[in-house]
Amino acid sequence: MKVICDREKLREGLSIANNVVPAKSTRPVLENVCLVATDDALELVGTDLEVSVRFRIEDVEVTDPGPAVIPARVTLDFVRDLSGETVTLETKEGKCQITSGADSCELVTIDPDEFPVISRFSGDGNVTMQGGSFTKLVTQTSFAAAREPGRYAMHGVLTEIDNDILRLVATDGRRLALTTTPVDGSKAPETSAIIPTKGMQMFCRVISDPLDQIHLSFGENQVGLKTRGAEIFARLIDGDFPRYAAVVPTETSNALEADREMFSKKLRLVANVTGDEARAVRLKTKKNELELFGQSVGRGLATAHMEVDFKGEDAEIAFNPDFVLDGLKHCENDTIRLEFNERNSPGKFCLGENYVYVVMPITIDASTPPT
Amino acid sequence: MASDQSLTILHVDMDAFYASVEIRDNPSLEGLPVCVGGPASSRGVIAAASYAARKFGVHSAMPTAQARRLCPNLVLLPPDFDRYTAVSRKVMSIFRRYTPIVEPLSLDEAFLDIAGSERLFGDAVDVGRQVKADILRETGLVASVGVAPTKFLAKLASDLDKPDGFRVIQPGEVREVLDPLPVRKIFGVGPRTAKRLEQLGVRTVRDLADLVREDVARRFGASGLWIHDLAHGIDPRRVSSRREEKSHGMERTFPNDIADREELRTLLLSFCEEVAFTLRDKGLRGRTVTLKARFSNFKTVTRTKTLDFATNLGPRLFTVAQELLDRVERRPLRLLGIQVSKLEDVRQPAQGTLFGTPEPSSRDDWMESNQKLEAATESLDKLRKRFGKSAVRPASLLYRDEVRGRDGSSGQPGVAGRVPEEDPGEDS
C-alpha cells in the first residue's frame, strides 16, 4: 500500500476510528485500525465488534492499492503531531511508514487477514433523512437511557418505524424521552430495534454537516448508518424494551404551562439545597402561582415562586430536579407544558411538537411509620 | 481543650448487668461466681460475669470452656433476655425522668446529656447521684456513673471506679486524669494501634497527647487525628437520642461446623427473615447485603452485593444471600452471618418507577409477586407482633428449633447480649 493524503482528513478519520477501537481487548487485533487504499480513496476501519466504523477519505493519491493494519492509538497520536499538509503512508516488509515533511515513523503491521470483516452499506438503506434532524432526535432521547449495569434492554434507544413515522424512545425506568418525526415510508418496513447508546453517539459523531442526507439500514441484528464520508454499523441490543406506550399519560386532569427559562432557573435555585441522594423538588400550584420547594436534612430548605398558567385543581407533585432539567435542556419551545394526574403517577413534559418527556415523581411513603 | 466545656454528660453503666439481675432474682446465688452465657458444649461464650466470678479471671466474651477451667465452681445460667430487656426499660425510663437526651448504647449502658435540665434537677453531679439512687431503689441493681464534659471522658469515668462507682471528671482535671492512663484506654486504640504506638515509645495518654498532630495524622491517618483529639480530651460527639443506625445483621457460631449447603441455606433463610423483621419494625430498609462466613480454621470471608433498590423483605434478602453464599468456598463453616447496610427510612422520598417495577421486562413477574409479598408481609407482621415471632414462619423453618447464639441468646439481631467472636483478621 502506498498513499498520499491530507493530514487533517487523516487525523479526523483516525480520531473517529479511535472512538470505537478498544484501548485493550482480549483480541489484540481489534486495537488496530485497518487502512485500505483503493483506486481513488483511503478507508479507515475500526471495530470493537459491537460498533464498527468505516471512514472514507477521498482526494487521495494512491500509487499502490492495498491494506495495512496498524495500532490505532499510536497512529492517531503520531499523525496529530505532524506538521506537514500531507501524509504519505507506505507499507513494506511488514512495516508501515508514515511520513510528513521531514518527520517519519515506522509502525508494526498485522496480517490484514486477521482483521474482522466489516459489513458494507448497500444502496440507500431503508430511511433517508437530513443528518441534523436525526442528530436532534438522538440528543432528545439518548440522555434518558439507562447507564447503571444490569438493565440491558434499556441501555439503548428504541428506534421504531411504523406508518411513515420514525420514533425514538429511551428510558432508564424512572424517566422516558419519546420523540417522533415523519419519514418517507415507501422503503421503510415496520421496524423495531434497540440501538445501543454508544452506537447512537457514534452515528451523531460522523454526521459532520447537518444539511447532508444520511441513510439508515435496519438488518436482523445490526443497524447501519451512512453519511457522505462514513458508514457505521451497530449491533442491536437483543432484549425486550419495556412497554413504554402504557406509561405516557394520555388523559390528565392537571396542566401547567410555564416559561421554560424561568422554570429552569427557579428549579435550579431550589435544587441547590436538596441533598445528594433522593433529591426532590416539590411543585405546588395555587391557581396561577407555582411554588417550588426543596429541602434536605443536611442543607436546609428553599422556596421559589413564579407565575404559571395552570388548569386543574390546586395540586402538588415532586420530581428529581436533575431529571427535569435534563429534559428542559432539549426543549424546543419557549414554554413548557407539564401534564399530570396524581402526585404518584407520571408527569408528562411536552417539550416540542412531537417530543414528550415522562418523569416518574418522587413520593413520600407514609404508610409504615417506624414504631 | 476541654476546660471551657461544661460538665453535662453522664455515662451510666450497670454493673455485671445480666449476672446481677439473676442474683437479684435468686438471692441464694449471692456471693457465688455467677455467669450468664452459652454452654461450653456448644462453644458457648460468657455474656456476663458477676464480680465474684471476675476474681477468677473470668470476663465476658470468654469461651465458657475456658471460664470453667479458671473457675470450676462457676454457676452458669442460660440468659433470659426478656427479663433483662424489661429491667433495661425500667432503667432507661429512670434516665428519661431527668433529660430527654438519652443515648442507649446497649441494654445496660447509656449516655445522658443534662444540659438544659439543671434548673429542674440540679447540676450533673446531683443528677448522677439521683439516677444511681433511683436505680438501686427501684430495680435493686447497682450502676456505675461517670460525669464529665465529653462522652469519651464520661465513659472513662464510669469505668475508672467500677463496680458501684461514681466518678466525676471536672473540666479542670482532665489532664490530670488522662495523662497517666495507658493509651489502650482511648476509644479507638485497639491492640494493633497500641502496638504501633508502643514502637513509637507511646505508652500513656500523655505520651500520645505530646506527639505532634501532623505526625500522628501521617502515621495513622484520620483515625490518628481522632485518637490524638481524645488524648487531649477533645470529643465533639454529642449525645444523640436518635442514633442513626448504619446496619442491621445477625450472625451465629455453630455448636459444630456445618458443611451441608442445604442446612446453611436454611439457617440463612431464618437469619434473613429475622433481620428483615427487625428492619420493618424499625421502619428501615437497606440496599447492601453482606454475608460473612468463617471456616473451621477461623479464616473469615465476606461477600457483598448492593441492590438497585432498598428492601426489607425476607425472601428478597434471602435471594441475594443465597447468591452470596454460592460465592463462598464449599468448606465447613463455623460461623455464618448476614448484614444489611446502606439503610434508609421507609418514609424517605422514594423515586417512583415508570414500569411499576425496578427492573422491568424479564423480572416483571418476580416483582409483581414482590408487591404481593409486601402487602402480605404487613399482615404477617401484625400476627407476629401479637402472637410472637414464631407465629408465622416460612414452611421450611417450621419444625426447626430457633437458632441460638453462643451466649445462649435467641435469634434477636442486634441486641446487646450478642458477643462477637474475636476476629483474627478479615479478608474478603
# chains A, B, ... in the order shown; residues from 1 in each chain; ligands from 1

call {"tool": "select_by_dssp", "arguments": {"residues": "region 291-358 of chain A", "states": "strand (DSSP E or B)", "output": "PyMOL selection string"}}
result
chain A and resi 291-296+300-307+309-311+316-319+335-340+347-352+355-358

call {"tool": "residues_around", "arguments": {"residues": "Arg174 (chain A)", "least_positions_apart": "2", "cutoff": "7 Å", "atoms": "only C-alpha atoms", "output": "list in words"}}
result
Asp172, Leu176, Val359 and Met360 of chain A; Gly352, Thr353 and Leu354 of chain B

call {"tool": "residues_around", "arguments": {"residues": "region 31-39 of chain B", "least_positions_apart": "5", "cutoff": "9 Å", "atoms": "only C-alpha atoms", "output": "MDAnalysis selection string"}}
result
chainID B and resid 18:20 22:23 44:56 58:60 63:65 71 73:80 404:409

call {"tool": "write_last_selection", "arguments": {"atoms": "N, CA, C and O atoms", "output": "short mmCIF file (atom, residue, chain, number, x, y, z; two decimals), in the first residue's frame"}}
result
data_model
loop_
_atom_site.label_atom_id
_atom_site.label_comp_id
_atom_site.auth_asym_id
_atom_site.auth_seq_id
_atom_site.Cartn_x
_atom_site.Cartn_y
_atom_site.Cartn_z
N TYR B 18 -26.41 -8.70 83.46
CA TYR B 18 -27.22 -9.92 83.38
C TYR B 18 -27.06 -10.74 84.66
O TYR B 18 -28.03 -11.25 85.22
N ALA B 19 -25.78 -10.86 85.08
CA ALA B 19 -25.49 -11.67 86.26
C ALA B 19 -26.17 -11.04 87.49
O ALA B 19 -26.74 -11.76 88.33
N SER B 20 -26.15 -9.71 87.55
CA SER B 20 -26.76 -9.03 88.71
C SER B 20 -28.27 -9.24 88.75
O SER B 20 -28.85 -9.40 89.82
N GLU B 22 -29.81 -11.85 87.63
CA GLU B 22 -30.01 -13.23 88.07
C GLU B 22 -29.87 -13.35 89.58
O GLU B 22 -30.66 -14.02 90.25
N ILE B 23 -28.85 -12.70 90.11
CA ILE B 23 -28.59 -12.80 91.56
C ILE B 23 -29.72 -12.10 92.33
O ILE B 23 -30.19 -12.60 93.36
N GLY B 44 -20.02 -22.22 73.69
CA GLY B 44 -20.62 -21.03 74.26
C GLY B 44 -19.59 -20.03 74.75
O GLY B 44 -18.42 -20.37 74.94
N VAL B 45 -20.04 -18.80 74.90
CA VAL B 45 -19.18 -17.78 75.49
C VAL B 45 -19.92 -17.14 76.65
O VAL B 45 -21.14 -17.23 76.76
N ILE B 46 -19.16 -16.46 77.49
CA ILE B 46 -19.72 -15.78 78.65
C ILE B 46 -20.29 -14.43 78.20
O ILE B 46 -19.61 -13.66 77.51
N ALA B 47 -21.53 -14.17 78.56
CA ALA B 47 -22.14 -12.88 78.22
C ALA B 47 -21.96 -11.89 79.35
O ALA B 47 -21.83 -10.69 79.12
N ALA B 48 -21.99 -12.39 80.57
CA ALA B 48 -21.79 -11.51 81.72
C ALA B 48 -21.27 -12.34 82.88
O ALA B 48 -21.65 -13.49 83.05
N ALA B 49 -20.39 -11.74 83.68
CA ALA B 49 -19.81 -12.45 84.82
C ALA B 49 -19.96 -11.58 86.06
O ALA B 49 -19.70 -10.38 86.01
N SER B 50 -20.38 -12.20 87.16
CA SER B 50 -20.50 -11.44 88.41
C SER B 50 -19.10 -11.10 88.91
O SER B 50 -18.12 -11.70 88.47
N TYR B 51 -19.04 -10.15 89.86
CA TYR B 51 -17.71 -9.75 90.33
C TYR B 51 -17.02 -10.89 91.07
O TYR B 51 -15.79 -10.99 91.05
N ALA B 52 -17.83 -11.75 91.66
CA ALA B 52 -17.24 -12.92 92.32
C ALA B 52 -16.55 -13.81 91.29
O ALA B 52 -15.49 -14.37 91.54
N ALA B 53 -17.17 -13.94 90.11
CA ALA B 53 -16.57 -14.75 89.05
C ALA B 53 -15.35 -14.06 88.46
O ALA B 53 -14.37 -14.70 88.10
N ARG B 54 -15.41 -12.72 88.38
CA ARG B 54 -14.29 -11.99 87.79
C ARG B 54 -13.01 -12.16 88.59
O ARG B 54 -11.92 -12.02 88.04
N LYS B 55 -13.18 -12.44 89.88
CA LYS B 55 -11.98 -12.64 90.71
C LYS B 55 -11.15 -13.80 90.18
O LYS B 55 -9.95 -13.87 90.37
N PHE B 56 -11.82 -14.74 89.51
CA PHE B 56 -11.11 -15.89 88.94
C PHE B 56 -10.52 -15.58 87.56
O PHE B 56 -9.96 -16.45 86.92
N VAL B 58 -12.42 -14.58 85.07
CA VAL B 58 -13.46 -14.79 84.07
C VAL B 58 -13.98 -13.42 83.61
O VAL B 58 -14.17 -12.53 84.43
N HIS B 59 -14.17 -13.25 82.32
CA HIS B 59 -14.76 -11.99 81.85
C HIS B 59 -15.66 -12.27 80.66
O HIS B 59 -15.63 -13.36 80.08
N SER B 60 -16.45 -11.29 80.30
CA SER B 60 -17.40 -11.51 79.21
C SER B 60 -16.64 -11.68 77.90
O SER B 60 -15.51 -11.22 77.74
N PRO B 63 -14.63 -17.74 76.11
CA PRO B 63 -15.30 -19.02 75.89
C PRO B 63 -15.65 -19.67 77.23
O PRO B 63 -14.84 -19.65 78.17
N THR B 64 -16.84 -20.23 77.31
CA THR B 64 -17.31 -20.82 78.56
C THR B 64 -16.36 -21.93 79.03
O THR B 64 -16.09 -22.07 80.24
N ALA B 65 -15.83 -22.70 78.08
CA ALA B 65 -14.93 -23.78 78.44
C ALA B 65 -13.73 -23.24 79.22
O ALA B 65 -13.33 -23.81 80.24
N CYS B 71 -12.47 -21.36 86.72
CA CYS B 71 -13.32 -21.35 87.90
C CYS B 71 -14.24 -22.56 87.87
O CYS B 71 -15.34 -22.51 87.35
N ASN B 73 -16.08 -23.98 89.95
CA ASN B 73 -17.37 -23.90 90.64
C ASN B 73 -18.32 -22.89 90.02
O ASN B 73 -19.30 -22.48 90.65
N LEU B 74 -17.99 -22.49 88.82
CA LEU B 74 -18.78 -21.47 88.12
C LEU B 74 -20.27 -21.87 88.05
O LEU B 74 -20.58 -23.02 87.73
N VAL B 75 -21.13 -20.91 88.38
CA VAL B 75 -22.55 -21.15 88.20
C VAL B 75 -22.95 -20.55 86.86
O VAL B 75 -22.93 -19.34 86.68
N LEU B 76 -23.26 -21.41 85.90
CA LEU B 76 -23.58 -20.91 84.57
C LEU B 76 -25.08 -20.93 84.35
O LEU B 76 -25.73 -21.96 84.50
N LEU B 77 -25.63 -19.78 84.00
CA LEU B 77 -27.07 -19.69 83.77
C LEU B 77 -27.34 -19.34 82.31
O LEU B 77 -26.61 -18.54 81.72
N PRO B 78 -28.38 -19.93 81.74
CA PRO B 78 -28.75 -19.52 80.37
C PRO B 78 -29.38 -18.12 80.43
O PRO B 78 -30.06 -17.81 81.41
N PRO B 79 -29.14 -17.32 79.45
CA PRO B 79 -29.65 -15.95 79.52
C PRO B 79 -31.17 -15.88 79.30
O PRO B 79 -31.74 -16.73 78.62
N ASP B 80 -31.75 -14.89 79.91
CA ASP B 80 -33.19 -14.67 79.77
C ASP B 80 -33.35 -13.21 79.34
O ASP B 80 -33.54 -12.32 80.16
N ARG B 404 -29.80 -20.50 68.31
CA ARG B 404 -29.36 -19.74 69.47
C ARG B 404 -27.93 -19.30 69.32
O ARG B 404 -27.12 -19.97 68.71
N GLY B 405 -27.62 -18.16 69.89
CA GLY B 405 -26.26 -17.65 69.82
C GLY B 405 -25.37 -18.33 70.82
O GLY B 405 -25.83 -19.11 71.66
N ARG B 406 -24.09 -18.05 70.75
CA ARG B 406 -23.15 -18.69 71.66
C ARG B 406 -23.40 -18.25 73.09
O ARG B 406 -23.08 -18.95 74.04
N ASP B 407 -23.91 -17.02 73.25
CA ASP B 407 -24.21 -16.59 74.60
C ASP B 407 -25.59 -17.06 75.02
O ASP B 407 -26.13 -16.66 76.02
N GLY B 408 -26.15 -17.94 74.19
CA GLY B 408 -27.43 -18.53 74.52
C GLY B 408 -28.61 -17.68 74.15
O GLY B 408 -29.75 -18.05 74.39
N SER B 409 -28.36 -16.51 73.52
CA SER B 409 -29.47 -15.64 73.18
C SER B 409 -30.27 -16.24 72.04
O SER B 409 -29.74 -16.96 71.20
#

call {"tool": "select_by_dssp", "arguments": {"residues": "region 253-305 of chain A", "states": "helix (DSSP H, G or I)", "output": "list in words"}}
result
Arg260, Glu261, Met262, Phe263, Ser264, Lys265, Lys266, Leu267, Arg268, Leu269, Val270 and Ala271 of chain A

call {"tool": "residues_around", "arguments": {"residues": "Asn19 (chain A)", "least_positions_apart": "3", "cutoff": "12 Å", "atoms": "only C-alpha atoms", "output": "mmCIF file with all heavy atoms, in the first residue's frame"}}
result
data_model
loop_
_atom_site.group_PDB
_atom_site.id
_atom_site.type_symbol
_atom_site.label_atom_id
_atom_site.label_comp_id
_atom_site.auth_asym_id
_atom_site.auth_seq_id
_atom_site.Cartn_x
_atom_site.Cartn_y
_atom_site.Cartn_z
ATOM 1 N N GLU A 12 -8.741 13.296 11.326
ATOM 2 C CA GLU A 12 -10.161 13.203 11.655
ATOM 3 C C GLU A 12 -10.644 11.750 11.621
ATOM 4 O O GLU A 12 -11.332 11.286 12.523
ATOM 5 C CB GLU A 12 -10.966 14.066 10.676
ATOM 6 C CG GLU A 12 -12.441 14.168 11.031
ATOM 7 C CD GLU A 12 -13.303 14.728 9.899
ATOM 8 O OE1 GLU A 12 -12.744 15.238 8.893
ATOM 9 O OE2 GLU A 12 -14.541 14.626 10.003
ATOM 10 N N GLY A 13 -10.232 11.068 10.536
ATOM 11 C CA GLY A 13 -10.649 9.669 10.389
ATOM 12 C C GLY A 13 -10.126 8.787 11.504
ATOM 13 O O GLY A 13 -10.855 7.966 12.077
ATOM 14 N N LEU A 14 -8.848 9.004 11.845
ATOM 15 C CA LEU A 14 -8.252 8.200 12.912
ATOM 16 C C LEU A 14 -8.921 8.493 14.248
ATOM 17 O O LEU A 14 -9.137 7.601 15.073
ATOM 18 C CB LEU A 14 -6.747 8.498 13.001
ATOM 19 C CG LEU A 14 -5.890 7.899 11.881
ATOM 20 C CD1 LEU A 14 -4.495 8.511 11.899
ATOM 21 C CD2 LEU A 14 -5.802 6.375 12.027
ATOM 22 N N SER A 15 -9.271 9.763 14.433
ATOM 23 C CA SER A 15 -9.901 10.145 15.685
ATOM 24 C C SER A 15 -11.271 9.480 15.816
ATOM 25 O O SER A 15 -11.631 8.986 16.892
ATOM 26 C CB SER A 15 -10.000 11.672 15.707
ATOM 27 O OG SER A 15 -10.925 12.073 16.662
ATOM 28 N N ILE A 16 -12.018 9.442 14.721
ATOM 29 C CA ILE A 16 -13.326 8.786 14.755
ATOM 30 C C ILE A 16 -13.172 7.279 14.978
ATOM 31 O O ILE A 16 -13.862 6.678 15.805
ATOM 32 C CB ILE A 16 -14.113 9.101 13.464
ATOM 33 C CG1 ILE A 16 -14.659 10.537 13.566
ATOM 34 C CG2 ILE A 16 -15.248 8.102 13.243
ATOM 35 C CD1 ILE A 16 -15.301 11.052 12.314
ATOM 36 N N PRO A 22 -11.205 -0.404 20.871
ATOM 37 C CA PRO A 22 -10.972 -0.544 22.319
ATOM 38 C C PRO A 22 -9.509 -0.322 22.660
ATOM 39 O O PRO A 22 -8.620 -0.675 21.886
ATOM 40 C CB PRO A 22 -11.388 -1.990 22.594
ATOM 41 C CG PRO A 22 -11.229 -2.700 21.299
ATOM 42 C CD PRO A 22 -11.470 -1.682 20.212
ATOM 43 N N ALA A 23 -9.266 0.294 23.819
ATOM 44 C CA ALA A 23 -7.891 0.534 24.250
ATOM 45 C C ALA A 23 -7.213 -0.790 24.595
ATOM 46 O O ALA A 23 -6.018 -0.956 24.402
ATOM 47 C CB ALA A 23 -7.876 1.461 25.453
ATOM 48 N N GLU A 31 -7.349 -3.739 18.568
ATOM 49 C CA GLU A 31 -6.751 -2.482 19.000
ATOM 50 C C GLU A 31 -6.123 -1.737 17.828
ATOM 51 O O GLU A 31 -5.521 -0.690 17.994
ATOM 52 C CB GLU A 31 -5.692 -2.748 20.080
ATOM 53 C CG GLU A 31 -6.302 -3.296 21.373
ATOM 54 C CD GLU A 31 -5.273 -3.971 22.280
ATOM 55 O OE1 GLU A 31 -4.082 -3.615 22.210
ATOM 56 O OE2 GLU A 31 -5.671 -4.876 23.043
ATOM 57 N N VAL A 33 -6.262 -0.224 13.655
ATOM 58 C CA VAL A 33 -7.128 0.336 12.633
ATOM 59 C C VAL A 33 -6.690 -0.278 11.310
ATOM 60 O O VAL A 33 -5.503 -0.522 11.092
ATOM 61 C CB VAL A 33 -7.048 1.884 12.611
ATOM 62 C CG1 VAL A 33 -5.620 2.370 12.384
ATOM 63 C CG2 VAL A 33 -7.992 2.466 11.569
ATOM 64 N N VAL A 45 -10.878 1.550 8.932
ATOM 65 C CA VAL A 45 -11.900 0.723 9.570
ATOM 66 C C VAL A 45 -11.481 0.401 11.007
ATOM 67 O O VAL A 45 -10.341 0.008 11.259
ATOM 68 C CB VAL A 45 -12.102 -0.597 8.797
ATOM 69 C CG1 VAL A 45 -13.189 -1.448 9.466
ATOM 70 C CG2 VAL A 45 -12.470 -0.316 7.353
ATOM 71 N N GLY A 46 -12.423 0.623 11.929
ATOM 72 C CA GLY A 46 -12.170 0.273 13.329
ATOM 73 C C GLY A 46 -13.408 -0.414 13.882
ATOM 74 O O GLY A 46 -14.527 -0.134 13.447
ATOM 75 N N THR A 47 -13.216 -1.314 14.829
ATOM 76 C CA THR A 47 -14.375 -2.015 15.383
ATOM 77 C C THR A 47 -14.073 -2.565 16.771
ATOM 78 O O THR A 47 -12.915 -2.855 17.094
ATOM 79 C CB THR A 47 -14.822 -3.181 14.479
ATOM 80 O OG1 THR A 47 -15.975 -3.797 15.054
ATOM 81 C CG2 THR A 47 -13.725 -4.224 14.336
ATOM 82 N N ASP A 48 -15.103 -2.655 17.593
ATOM 83 C CA ASP A 48 -14.982 -3.412 18.842
ATOM 84 C C ASP A 48 -15.966 -4.587 18.797
ATOM 85 O O ASP A 48 -16.311 -5.158 19.821
ATOM 86 C CB ASP A 48 -15.226 -2.531 20.064
ATOM 87 C CG ASP A 48 -16.651 -2.011 20.146
ATOM 88 O OD1 ASP A 48 -17.437 -2.239 19.194
ATOM 89 O OD2 ASP A 48 -16.985 -1.379 21.157
ATOM 90 N N VAL A 51 -19.741 -2.023 17.736
ATOM 91 C CA VAL A 51 -19.902 -0.892 16.819
ATOM 92 C C VAL A 51 -18.699 -0.887 15.877
ATOM 93 O O VAL A 51 -17.567 -1.092 16.310
ATOM 94 C CB VAL A 51 -19.967 0.444 17.602
ATOM 95 C CG1 VAL A 51 -20.130 1.617 16.641
ATOM 96 C CG2 VAL A 51 -21.116 0.426 18.611
ATOM 97 N N SER A 52 -18.973 -0.686 14.597
ATOM 98 C CA SER A 52 -17.886 -0.641 13.619
ATOM 99 C C SER A 52 -17.999 0.643 12.812
ATOM 100 O O SER A 52 -19.096 1.114 12.540
ATOM 101 C CB SER A 52 -17.974 -1.810 12.647
ATOM 102 O OG SER A 52 -18.118 -3.016 13.353
ATOM 103 N N VAL A 53 -16.862 1.181 12.436
ATOM 104 C CA VAL A 53 -16.887 2.401 11.631
ATOM 105 C C VAL A 53 -15.990 2.228 10.402
ATOM 106 O O VAL A 53 -14.933 1.609 10.458
ATOM 107 C CB VAL A 53 -16.451 3.623 12.477
ATOM 108 C CG1 VAL A 53 -15.075 3.427 13.066
ATOM 109 C CG2 VAL A 53 -16.501 4.902 11.649
ATOM 110 N N ARG A 54 -16.481 2.737 9.294
ATOM 111 C CA ARG A 54 -15.659 2.779 8.090
ATOM 112 C C ARG A 54 -15.648 4.223 7.622
ATOM 113 O O ARG A 54 -16.688 4.786 7.281
ATOM 114 C CB ARG A 54 -16.230 1.865 7.002
ATOM 115 C CG ARG A 54 -15.485 1.997 5.665
ATOM 116 C CD ARG A 54 -16.017 1.088 4.592
ATOM 117 N NE ARG A 54 -15.652 -0.293 4.830
ATOM 118 C CZ ARG A 54 -16.503 -1.255 5.152
ATOM 119 N NH1 ARG A 54 -17.788 -0.973 5.266
ATOM 120 N NH2 ARG A 54 -16.097 -2.479 5.341
ATOM 121 N N ALA A 72 -4.055 1.566 16.366
ATOM 122 C CA ALA A 72 -4.916 2.724 16.165
ATOM 123 C C ALA A 72 -4.476 3.917 17.002
ATOM 124 O O ALA A 72 -4.390 5.035 16.512
ATOM 125 C CB ALA A 72 -6.354 2.352 16.502
ATOM 126 N N ARG A 73 -4.214 3.680 18.274
ATOM 127 C CA ARG A 73 -3.932 4.783 19.197
ATOM 128 C C ARG A 73 -2.624 5.476 18.833
ATOM 129 O O ARG A 73 -2.559 6.691 18.695
ATOM 130 C CB ARG A 73 -3.871 4.207 20.619
ATOM 131 C CG ARG A 73 -4.181 5.142 21.738
ATOM 132 C CD ARG A 73 -5.652 5.394 22.067
ATOM 133 N NE ARG A 73 -6.579 4.301 21.790
ATOM 134 C CZ ARG A 73 -7.914 4.409 21.916
ATOM 135 N NH1 ARG A 73 -8.451 5.557 22.312
ATOM 136 N NH2 ARG A 73 -8.695 3.405 21.644
ATOM 137 N N LEU A 76 -2.839 7.571 15.617
ATOM 138 C CA LEU A 76 -3.515 8.847 15.819
ATOM 139 C C LEU A 76 -2.588 9.835 16.529
ATOM 140 O O LEU A 76 -2.443 10.983 16.104
ATOM 141 C CB LEU A 76 -4.790 8.650 16.637
ATOM 142 C CG LEU A 76 -5.475 9.938 17.116
ATOM 143 C CD1 LEU A 76 -5.926 10.793 15.933
ATOM 144 C CD2 LEU A 76 -6.668 9.634 18.019
ATOM 145 N N LYS A 198 -24.036 3.781 22.768
ATOM 146 C CA LYS A 198 -22.718 4.058 22.200
ATOM 147 C C LYS A 198 -22.792 4.151 20.664
ATOM 148 O O LYS A 198 -22.177 5.023 20.051
ATOM 149 C CB LYS A 198 -21.734 2.970 22.610
ATOM 150 C CG LYS A 198 -20.329 3.224 22.116
ATOM 151 C CD LYS A 198 -19.400 2.057 22.420
ATOM 152 C CE LYS A 198 -18.052 2.278 21.731
ATOM 153 N NZ LYS A 198 -17.224 1.074 21.758
ATOM 154 N N GLY A 199 -23.574 3.269 20.076
ATOM 155 C CA GLY A 199 -23.738 3.286 18.625
ATOM 156 C C GLY A 199 -24.398 4.583 18.179
ATOM 157 O O GLY A 199 -23.977 5.214 17.205
ATOM 158 N N GLN A 201 -24.311 7.427 19.675
ATOM 159 C CA GLN A 201 -23.364 8.533 19.809
ATOM 160 C C GLN A 201 -22.401 8.563 18.626
ATOM 161 O O GLN A 201 -22.064 9.627 18.108
ATOM 162 C CB GLN A 201 -22.572 8.402 21.121
ATOM 163 C CG GLN A 201 -23.367 8.891 22.310
ATOM 164 C CD GLN A 201 -22.830 8.360 23.634
ATOM 165 O OE1 GLN A 201 -21.917 7.534 23.671
ATOM 166 N NE2 GLN A 201 -23.419 8.837 24.713
ATOM 167 N N MET A 202 -21.998 7.367 18.175
ATOM 168 C CA MET A 202 -21.107 7.306 17.015
ATOM 169 C C MET A 202 -21.814 7.812 15.766
ATOM 170 O O MET A 202 -21.224 8.500 14.941
ATOM 171 C CB MET A 202 -20.612 5.862 16.813
ATOM 172 C CG MET A 202 -19.450 5.470 17.684
ATOM 173 S SD MET A 202 -18.093 6.652 17.636
ATOM 174 C CE MET A 202 -17.584 6.522 15.910
ATOM 175 N N PHE A 203 -23.076 7.464 15.633
ATOM 176 C CA PHE A 203 -23.844 7.949 14.486
ATOM 177 C C PHE A 203 -23.749 9.472 14.421
ATOM 178 O O PHE A 203 -23.448 10.065 13.393
ATOM 179 C CB PHE A 203 -25.336 7.555 14.616
ATOM 180 C CG PHE A 203 -25.614 6.098 14.327
ATOM 181 C CD1 PHE A 203 -26.880 5.581 14.511
ATOM 182 C CD2 PHE A 203 -24.630 5.252 13.863
ATOM 183 C CE1 PHE A 203 -27.159 4.244 14.236
ATOM 184 C CE2 PHE A 203 -24.887 3.914 13.590
ATOM 185 C CZ PHE A 203 -26.157 3.405 13.786
ATOM 186 N N ARG A 205 -21.658 11.368 15.830
ATOM 187 C CA ARG A 205 -20.274 11.814 15.708
ATOM 188 C C ARG A 205 -19.864 11.976 14.238
ATOM 189 O O ARG A 205 -19.125 12.895 13.881
ATOM 190 C CB ARG A 205 -19.404 10.750 16.394
ATOM 191 C CG ARG A 205 -17.967 11.013 16.600
ATOM 192 C CD ARG A 205 -17.685 11.913 17.771
ATOM 193 N NE ARG A 205 -16.603 12.820 17.415
ATOM 194 C CZ ARG A 205 -15.328 12.537 17.616
ATOM 195 N NH1 ARG A 205 -14.980 11.467 18.276
ATOM 196 N NH2 ARG A 205 -14.377 13.361 17.205
ATOM 197 N N VAL A 206 -20.336 11.093 13.368
ATOM 198 C CA VAL A 206 -19.884 11.135 11.972
ATOM 199 C C VAL A 206 -20.760 12.020 11.094
ATOM 200 O O VAL A 206 -20.465 12.201 9.916
ATOM 201 C CB VAL A 206 -19.800 9.724 11.349
ATOM 202 C CG1 VAL A 206 -18.758 8.889 12.073
ATOM 203 C CG2 VAL A 206 -21.152 9.024 11.350
ATOM 204 N N ILE A 232 -21.384 3.455 9.636
ATOM 205 C CA ILE A 232 -21.285 2.903 10.983
ATOM 206 C C ILE A 232 -22.254 1.735 11.065
ATOM 207 O O ILE A 232 -23.386 1.828 10.584
ATOM 208 C CB ILE A 232 -21.733 3.909 12.053
ATOM 209 C CG1 ILE A 232 -21.047 5.238 11.887
ATOM 210 C CG2 ILE A 232 -21.557 3.332 13.435
ATOM 211 C CD1 ILE A 232 -19.848 5.437 12.729
#

call {"tool": "residues_around", "arguments": {"residues": "region 90-103 of chain A", "least_positions_apart": "4", "cutoff": "9 Å", "atoms": "only C-alpha atoms", "output": "PyMOL selection string"}}
result
chain A and resi 1-4+7+64+67-70+75+78-79+82-86+107-111

call {"tool": "atom_distance", "arguments": {"atom1": "CA of Gly337 (chain B)", "atom2": "CA of Cys272 (chain B)"}}
result
9.4 Å

call {"tool": "residues_around", "arguments": {"residues": "Tyr98 (chain B)", "least_positions_apart": "5", "cutoff": "9 Å", "atoms": "only C-alpha atoms", "output": "short mmCIF file (atom, residue, chain, number, x, y, z; two decimals) with N, CA, C and O atoms, in the first residue's frame"}}
result
data_model
loop_
_atom_site.label_atom_id
_atom_site.label_comp_id
_atom_site.auth_asym_id
_atom_site.auth_seq_id
_atom_site.Cartn_x
_atom_site.Cartn_y
_atom_site.Cartn_z
N LEU B 112 -26.20 10.24 78.90
CA LEU B 112 -27.25 11.23 79.16
C LEU B 112 -26.62 12.61 79.03
O LEU B 112 -25.47 12.80 79.45
N ILE B 114 -27.48 16.33 80.31
CA ILE B 114 -28.46 17.00 81.15
C ILE B 114 -28.47 18.52 80.92
O ILE B 114 -29.10 19.25 81.67
N SER B 117 -31.42 20.78 81.80
CA SER B 117 -32.25 20.23 82.89
C SER B 117 -31.77 20.71 84.26
O SER B 117 -32.35 20.36 85.29
N LEU B 120 -34.06 22.23 86.81
CA LEU B 120 -35.07 21.33 87.36
C LEU B 120 -34.50 20.37 88.38
O LEU B 120 -35.09 20.12 89.42
N PHE B 121 -33.34 19.81 88.07
CA PHE B 121 -32.84 18.71 88.90
C PHE B 121 -31.46 18.94 89.49
O PHE B 121 -30.89 18.04 90.09
N VAL B 127 -27.60 15.11 89.47
CA VAL B 127 -28.42 14.21 88.67
C VAL B 127 -27.81 12.81 88.69
O VAL B 127 -28.51 11.81 88.87
N VAL B 131 -29.81 9.56 89.85
CA VAL B 131 -30.03 8.44 88.93
C VAL B 131 -29.56 7.13 89.58
O VAL B 131 -30.26 6.12 89.59
#
